[in-house]
Structure formats: structure tokens, C-alpha cells
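Q: You'll find upload38.pdb just under this line, and it carries PDB, C-alpha atoms.
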ATOM      1  CA  MET A1209     104.937  76.594 114.350
ATOM      2  CA  ASN A1210     101.581  74.852 114.402
ATOM      3  CA  GLN A1211      98.767  75.358 111.900
ATOM      4  CA  THR A1212      96.581  77.321 114.341
ATOM      5  CA  GLU A1213      99.303  79.899 114.984
ATOM      6  CA  ALA A1214     100.136  80.121 111.263
ATOM      7  CA  HIS A1215      96.465  80.773 110.470
ATOM      8  CA  ARG A1216      96.198  83.432 113.205
ATOM      9  CA  ILE A1217      99.253  85.280 111.827
ATOM     10  CA  ALA A1218      98.028  85.180 108.225
ATOM     11  CA  ARG A1219      94.534  86.255 109.277
ATOM     12  CA  HIS A1220      96.070  89.278 111.027
ATOM     13  CA  TYR A1221      97.205  90.591 107.653
ATOM     14  CA  LEU A1222      94.419  89.327 105.375
ATOM     15  CA  GLY A1223      91.201  88.959 107.366
ATOM     16  CA  ASP A1224      88.479  87.253 105.346
ATOM     17  CA  SER A1225      90.648  87.373 102.206
ATOM     18  CA  LEU A1226      92.667  84.488 103.655
ATOM     19  CA  LEU A1227      91.726  81.135 102.147
ATOM     20  CA  ARG A1228      94.305  78.851 103.784
ATOM     21  CA  VAL A1229      97.903  78.512 104.957
ATOM     22  CA  GLU A1230     100.160  75.556 104.202
ATOM     23  CA  GLU A1231     103.739  74.726 105.045
ATOM     24  CA  ASN A1232     105.702  73.302 102.122
ATOM     25  CA  LEU A1233     107.813  70.660 103.843
ATOM     26  CA  TRP A1234     110.172  70.257 100.878
ATOM     27  CA  SER A1235     111.085  73.897 100.380
ATOM     28  CA  LYS A1236     110.638  74.924 104.039
ATOM     29  CA  HIS A1237     108.470  77.832 102.861
ATOM     30  CA  TRP A1238     104.928  78.860 103.732
ATOM     31  CA  ASN A1239     102.178  79.187 101.145
ATOM     32  CA  VAL A1240      99.408  81.675 101.912
ATOM     33  CA  PHE A1241      96.376  81.327  99.647
ATOM     34  CA  PHE A1242      94.194  84.408  99.393
ATOM     35  CA  GLY A1243      91.669  86.258  97.270
ATOM     36  CA  ALA A1244      90.669  84.517  94.071
ATOM     37  CA  GLY A1245      93.079  81.577  94.302
ATOM     38  CA  LYS A1246      96.292  83.596  94.559
ATOM     39  CA  VAL A1247      99.291  82.409  96.537
ATOM     40  CA  ALA A1248     102.171  84.159  98.258
ATOM     41  CA  ILE A1249     105.257  82.105  99.176
ATOM     42  CA  ALA A1250     107.952  83.063 101.672
ATOM     43  CA  PRO A1251     110.215  81.524 104.347
ATOM     44  CA  THR A1252     107.865  82.697 107.134
ATOM     45  CA  VAL A1253     104.101  82.943 107.440
ATOM     46  CA  GLU A1254     104.393  86.604 108.329
ATOM     47  CA  GLU A1255     106.430  87.442 105.215
ATOM     48  CA  ALA A1256     104.038  85.533 102.939
ATOM     49  CA  ALA A1257     100.963  87.115 104.522
ATOM     50  CA  ARG A1258     102.498  90.600 104.352
ATOM     51  CA  ASP A1259     103.254  90.020 100.643
ATOM     52  CA  ALA A1260      99.690  88.851 100.041
ATOM     53  CA  ALA A1261      98.275  91.929 101.792
ATOM     54  CA  ASP A1262     100.560  94.181  99.714
ATOM     55  CA  GLN A1263      99.272  92.526  96.532
ATOM     56  CA  LEU A1264      95.663  93.081  97.607
ATOM     57  CA  ARG A1265      96.324  96.713  98.584
ATOM     58  CA  ALA A1266      97.796  97.316  95.117
ATOM     59  CA  GLN A1267      94.377  96.289  93.768
ATOM     60  CA  GLY A1268      92.531  98.746  96.034
ATOM     61  CA  TRP A1269      91.777  96.488  99.014
ATOM     62  CA  ALA A1270      91.820  98.029 102.478
ATOM     63  CA  PRO A1271      91.783  95.901 105.632
ATOM     64  CA  SER A1272      88.642  96.185 107.751
ATOM     65  CA  HIS A1273      88.991  93.040 109.860
ATOM     66  CA  ALA A1274      89.768  92.961 113.593
ATOM     67  CA  ARG A1275      93.487  93.093 114.389
ATOM     68  CA  LEU A1276      96.046  94.349 116.894
ATOM     69  CA  GLU A1277      98.647  96.901 115.776
ATOM     70  CA  TRP A1278     101.522  98.782 117.340
ATOM     71  CA  ARG A1279     101.652 102.524 116.755
ATOM     72  CA  THR A1280     104.820 104.502 117.347
ATOM     73  CA  GLY A1281     104.485 107.777 119.210
ATOM     74  CA  ALA A1282     106.920 110.453 120.240
ATOM     75  CA  GLY A1283     110.290 109.342 121.576
ATOM     76  CA  LYS A1284     110.233 105.797 122.897
ATOM     77  CA  GLU A1285     106.468 105.617 123.372
ATOM     78  CA  HIS A1286     104.279 103.051 121.626
ATOM     79  CA  ALA A1287     100.606 102.181 121.738
ATOM     80  CA  LEU A1288      98.952  98.827 121.139
ATOM     81  CA  VAL A1289      95.607  99.406 119.435
ATOM     82  CA  TYR A1290      92.673  97.224 118.423
ATOM     83  CA  ARG A1291      91.466  98.054 114.894
ATOM     84  CA  HIS A1292      88.226  96.922 113.309
ATOM     85  CA  GLU A1293      86.186  98.521 110.514
ATOM     86  CA  GLY A1294      87.625 101.984 111.079
ATOM     87  CA  LEU A1295      87.413 101.809 114.880
ATOM     88  CA  VAL A1296      90.723 102.316 116.673
ATOM     89  CA  LEU A1297      90.666 101.439 120.362
ATOM     90  CA  PRO A1298      93.912 102.071 122.308
ATOM     91  CA  LEU A1299      94.655  99.144 124.631
ATOM     92  CA  TYR A1300      98.150  99.748 126.038
ATOM     93  CA  ARG A1301     100.751 102.468 126.219
ATOM     94  CA  VAL A1302     104.384 101.313 126.482
ATOM     95  CA  PHE A1303     107.006 103.878 127.437
ATOM     96  CA  ALA A1304     110.657 104.065 128.459
ATOM     97  CA  SER A1305     111.656 105.781 131.686
ATOM     98  CA  SER A1306     114.794 107.812 132.231
ATOM     99  CA  LEU A1307     116.591 104.744 133.607
ATOM    100  CA  PRO A1308     118.250 102.327 131.147
ATOM    101  CA  ASP A1309     116.275  99.146 130.473
ATOM    102  CA  ASP A1310     113.331 100.400 132.542
ATOM    103  CA  TYR A1311     109.937 100.429 130.852
ATOM    104  CA  GLY A1312     106.339 100.831 131.798
ATOM    105  CA  ALA A1313     103.101  99.569 130.299
ATOM    106  CA  GLU A1314      99.762 101.101 131.113
ATOM    107  CA  SER A1315      96.470  99.440 130.227
ATOM    108  CA  LEU A1316      94.199 102.101 128.776
ATOM    109  CA  THR A1317      91.080  99.976 129.263
ATOM    110  CA  ARG A1318      91.638  98.295 132.618
ATOM    111  CA  GLY A1319      93.541 100.807 134.746
ATOM    112  CA  THR A1320      96.479  98.475 135.411
ATOM    113  CA  SER A1321     100.186  98.943 134.811
ATOM    114  CA  ALA A1322     103.470  97.034 134.820
ATOM    115  CA  TYR A1323     107.050  98.243 135.220
ATOM    116  CA  GLY A1324     110.375  96.532 134.542
ATOM    117  CA  SER A1325     112.427  95.406 131.591
ATOM    118  CA  LEU A1326     110.947  95.675 128.102
ATOM    119  CA  ALA A1327     110.737  91.865 127.937
ATOM    120  CA  PHE A1328     108.757  91.825 131.192
ATOM    121  CA  VAL A1329     106.192  94.463 130.193
ATOM    122  CA  LEU A1330     105.735  92.899 126.744
ATOM    123  CA  ALA A1331     105.200  89.471 128.359
ATOM    124  CA  GLU A1332     102.514  91.005 130.594
ATOM    125  CA  ILE A1333     100.770  92.523 127.570
ATOM    126  CA  ALA A1334     101.022  89.259 125.609
ATOM    127  CA  ALA A1335      99.537  87.261 128.487
ATOM    128  CA  ASP A1336      96.644  89.699 128.853
ATOM    129  CA  CYS A1337      95.929  89.714 125.114
ATOM    130  CA  ALA A1338      96.091  85.902 124.949
ATOM    131  CA  HIS A1339      93.548  85.752 127.767
ATOM    132  CA  ARG A1340      91.190  88.513 126.585
ATOM    133  CA  ILE A1341      91.352  88.149 122.784
ATOM    134  CA  PRO A1342      92.939  84.782 121.965
ATOM    135  CA  SER A1343      91.770  84.795 118.344
ATOM    136  CA  LEU A1344      93.975  87.773 117.482
ATOM    137  CA  TRP A1345      97.717  87.653 116.886
ATOM    138  CA  LEU A1346      99.923  90.113 118.761
ATOM    139  CA  PRO A1347     102.462  91.406 116.229
ATOM    140  CA  PRO A1348     106.089  91.893 117.285
ATOM    141  CA  PHE A1349     106.927  95.057 119.181
ATOM    142  CA  PRO A1350     108.511  97.699 116.898
ATOM    143  CA  GLY A1351     112.241  97.121 116.685
ATOM    144  CA  ASP A1352     112.050  93.711 118.391
ATOM    145  CA  SER A1353     114.337  91.319 116.533
ATOM    146  CA  ARG A1354     112.834  88.146 118.032
TER
END
Mind turning this structure into C-alpha cells?

A:
Amino acid sequence: MNQTEAHRIARHYLGDSLLRVEENLWSKHWNVFFGAGKVAIAPTVEEAARDAADQLRAQGWAPSHARLEWRTGAGKEHALVYRHEGLVLPLYRVFASSLPDDYGAESLTRGTSAYGSLAFVLAEIAADCAHRIPSLWLPPFPGDSR
């Protein structure tokens, strides 16, 4: 993972509370520096950033920075939303059809859709997000083990 991607992932969780991200080459862990000189250390950037955010929340911090989040709905339906300072803007709806391994994704802002395997519809969403909002990290789809 490169430094730009590591920073984007950590910023997803911490916003302006993020100071810097460093990979410790000896321990193969990531150090996420945040707040007033605190550090969270974990094997992945995401784990370290999540730990840092948990520490800040325990002190009363609430995220207000721009980020993408998956929300789970009824059944096998999920929504990708853009959150920023209390605003929640739905971007995509992902749903399973009655056929096995058949999914759909509907853009709630552009009027487009995609149908196929879950990997296909998620790739379409990732490509669109990378094009439209490249500064934000797209978190893993709920239940995705990749």
C-alpha cells in the first residue's frame, strides 16, 4: 500500500484529527498519529485508524468530516451514503435479486444502474466514486472479506 492510499484510509476514520500515517518497516505495523500527539498501532492502516477513532469517541469526539459509508437496510439491501457535517446524501442502492449471485446497483444521484455479480456492481460503484470523489476512500462492502 502506498502512502497516499494509507492517508486516505486513515482520513476516512479521523478527518482533521489525523496528523500522519507511517508504516513501521521493522514490525510490519502501521502507526496512525492523531489528536494531541497520540498514536494507534495495528497490522493494517484501517485497524489503527479505527482504534484511533474509537479512542477519540471515548473522549466525546464525533466525526463531522466528509466520508463514504455503507448502511445496511432490510434483507440484502445496502446503501452507500456520503456523510459530512450531519448531511447524509444517499449515492447508491445495492440489492440482491431472487436469482443466486445476481445483484443490482442503482445510482440515486445520476439515474444509472448496473446488474450482474456482486463483484461487478461493486467495481462499477468503485470506479464511479474514484472518478467523482477521488479524495474519499470507499470502505469495504459489508460482509466482504477482501

Q: Using all atoms listed in the file, can you tell me which of A:Val1253, A:Leu1299, A:Leu1222, A:Ala1261 comes closest to A:Asn1239?

A: A:Val1253

Q: For A:Ala1334, which of A:Leu1288, A:Ala1248, A:Ala1260, A:Ala1282 is the closest residue, counting all atoms listed in the file?

A: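 The closest residue to A:Ala1334 is A:Leu1288.
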
Q: So what do you get for atom CA of A:Ser1325 versus atom CA of A:Ala1287, distance-wise?

A: 16.8 Å

Q: List the residues matched by the PyMOL selection byres ((chain A and resi 1297) around 12) in the displayed structure as JSON, numbers by chain, ordered by chain and then by residue number.

A: {"A": [1274, 1275, 1276, 1277, 1278, 1279, 1287, 1288, 1289, 1290, 1291, 1292, 1293, 1294, 1295, 1296, 1298, 1299, 1300, 1301, 1315, 1316, 1317]}

Q: Mind dumping the selected residues with C-alpha atoms as a compact mmCIF listing (two decimals), keeping the file's coordinate frame?

A:
# COMPACT_ATOMS: atom_id res chain seq x y z
CA ALA A 1274 89.77 92.96 113.59
CA ARG A 1275 93.49 93.09 114.39
CA LEU A 1276 96.05 94.35 116.89
CA GLU A 1277 98.65 96.90 115.78
CA TRP A 1278 101.52 98.78 117.34
CA ARG A 1279 101.65 102.52 116.76
CA ALA A 1287 100.61 102.18 121.74
CA LEU A 1288 98.95 98.83 121.14
CA VAL A 1289 95.61 99.41 119.44
CA TYR A 1290 92.67 97.22 118.42
CA ARG A 1291 91.47 98.05 114.89
CA HIS A 1292 88.23 96.92 113.31
CA GLU A 1293 86.19 98.52 110.51
CA GLY A 1294 87.62 101.98 111.08
CA LEU A 1295 87.41 101.81 114.88
CA VAL A 1296 90.72 102.32 116.67
CA PRO A 1298 93.91 102.07 122.31
CA LEU A 1299 94.66 99.14 124.63
CA TYR A 1300 98.15 99.75 126.04
CA ARG A 1301 100.75 102.47 126.22
CA SER A 1315 96.47 99.44 130.23
CA LEU A 1316 94.20 102.10 128.78
CA THR A 1317 91.08 99.98 129.26

Q: Between atom CA of A:Ala1218 and atom CA of A:Ala1257, what is the distance, to one decimal in Å?

A: 5.1 Å

Q: Could you check which of A:Gln1267, A:Leu1330, A:Met1209, A:Gly1351 is closest to A:Thr1280, using only C-alpha atoms?

A: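 Checking each candidate against A:Thr1280, we get A:Gly1351 as the closest.
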
Q: Name the residues captured by the PyMOL selection byres ((chain A and resi 1227) around 8) when it is applied to the shown file; answer as a list in words.

A: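 Applying the PyMOL selection byres ((chain A and resi 1227) around 8) to the structure shown produces Asp1224, Ser1225, Leu1226, Arg1228, Val1229, Val1240, Phe1241, Phe1242, Gly1243 and Gly1245 of chain A.
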
Q: Take the residues from that selection and put them in a file with C-alpha atoms, as an mmCIF file, in the frame of the given file.

A:
data_model
loop_
_atom_site.group_PDB
_atom_site.id
_atom_site.type_symbol
_atom_site.label_atom_id
_atom_site.label_comp_id
_atom_site.auth_asym_id
_atom_site.auth_seq_id
_atom_site.Cartn_x
_atom_site.Cartn_y
_atom_site.Cartn_z
ATOM 1 C CA ASP A 1224 88.479 87.253 105.346
ATOM 2 C CA SER A 1225 90.648 87.373 102.206
ATOM 3 C CA LEU A 1226 92.667 84.488 103.655
ATOM 4 C CA ARG A 1228 94.305 78.851 103.784
ATOM 5 C CA VAL A 1229 97.903 78.512 104.957
ATOM 6 C CA VAL A 1240 99.408 81.675 101.912
ATOM 7 C CA PHE A 1241 96.376 81.327 99.647
ATOM 8 C CA PHE A 1242 94.194 84.408 99.393
ATOM 9 C CA GLY A 1243 91.669 86.258 97.270
ATOM 10 C CA GLY A 1245 93.079 81.577 94.302
#

Q: Using atom CA of A:Ser1235 and atom CA of A:Asp1259 as the two end points, give the distance in Å to one decimal.

A: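 These two atoms are separated by 17.9 Å.
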
Q: For A:Ile1217, find every residue with an atom within 9 Å (counting all atoms listed in the file), except residues of its own chain fewer than 5 positions away, and show them as a list of chain:residue names.

A: A:Thr1212, A:Val1253, A:Glu1254, A:Ala1257, A:Leu1344, A:Trp1345, A:Leu1346, A:Pro1347

Q: For the PyMOL selection byres ((chain A and resi 1311) around 6), applied here, can you spell out every residue it catches as a PDB file with C-alpha atoms, keeping the file's coordinate frame?

A:
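Result file follows (result_32.pdb):
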ATOM      1  CA  PHE A1303     107.006 103.878 127.437  1.00  0.00           C
ATOM      2  CA  ALA A1304     110.657 104.065 128.459  1.00  0.00           C
ATOM      3  CA  SER A1305     111.656 105.781 131.686  1.00  0.00           C
ATOM      4  CA  ASP A1310     113.331 100.400 132.542  1.00  0.00           C
ATOM      5  CA  GLY A1312     106.339 100.831 131.798  1.00  0.00           C
ATOM      6  CA  TYR A1323     107.050  98.243 135.220  1.00  0.00           C
ATOM      7  CA  GLY A1324     110.375  96.532 134.542  1.00  0.00           C
ATOM      8  CA  SER A1325     112.427  95.406 131.591  1.00  0.00           C
ATOM      9  CA  LEU A1326     110.947  95.675 128.102  1.00  0.00           C
TER      10      LEU A1326
END

Q: Could you tell me which of A:Val1302, A:Pro1308, A:Ile1341, A:Trp1269 comes closest to A:Val1329 if we count only C-alpha atoms?

A: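 Of all the options, A:Val1302 lies closest to A:Val1329.
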
Q: Enumerate, as JSON, numbers by chain, the protein, DNA and RNA residues whose atoms approach (107.9, 77.3, 101.7) to within 9 Å, taking into account only C-alpha atoms and the coordinate frame of the file.

A: {"A": [1230, 1231, 1232, 1233, 1234, 1235, 1236, 1237, 1238, 1239, 1249, 1250, 1251, 1252, 1253]}

Q: Which one is closest to A:Pro1348: A:Leu1264, A:Ala1327, A:Ala1244, A:Ala1313? Count all atoms listed in the file.

A: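 Nearest to A:Pro1348: A:Ala1327.
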
Q: Rank A:Tyr1221, A:Ser1306, A:Phe1328, A:Arg1340 by their smallest atom-to-atom distance to A:Arg1265, using all atoms listed in the file, and report the top residue only.

A: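 Using all atoms listed in the file, the shortest distance to A:Arg1265 belongs to A:Tyr1221.
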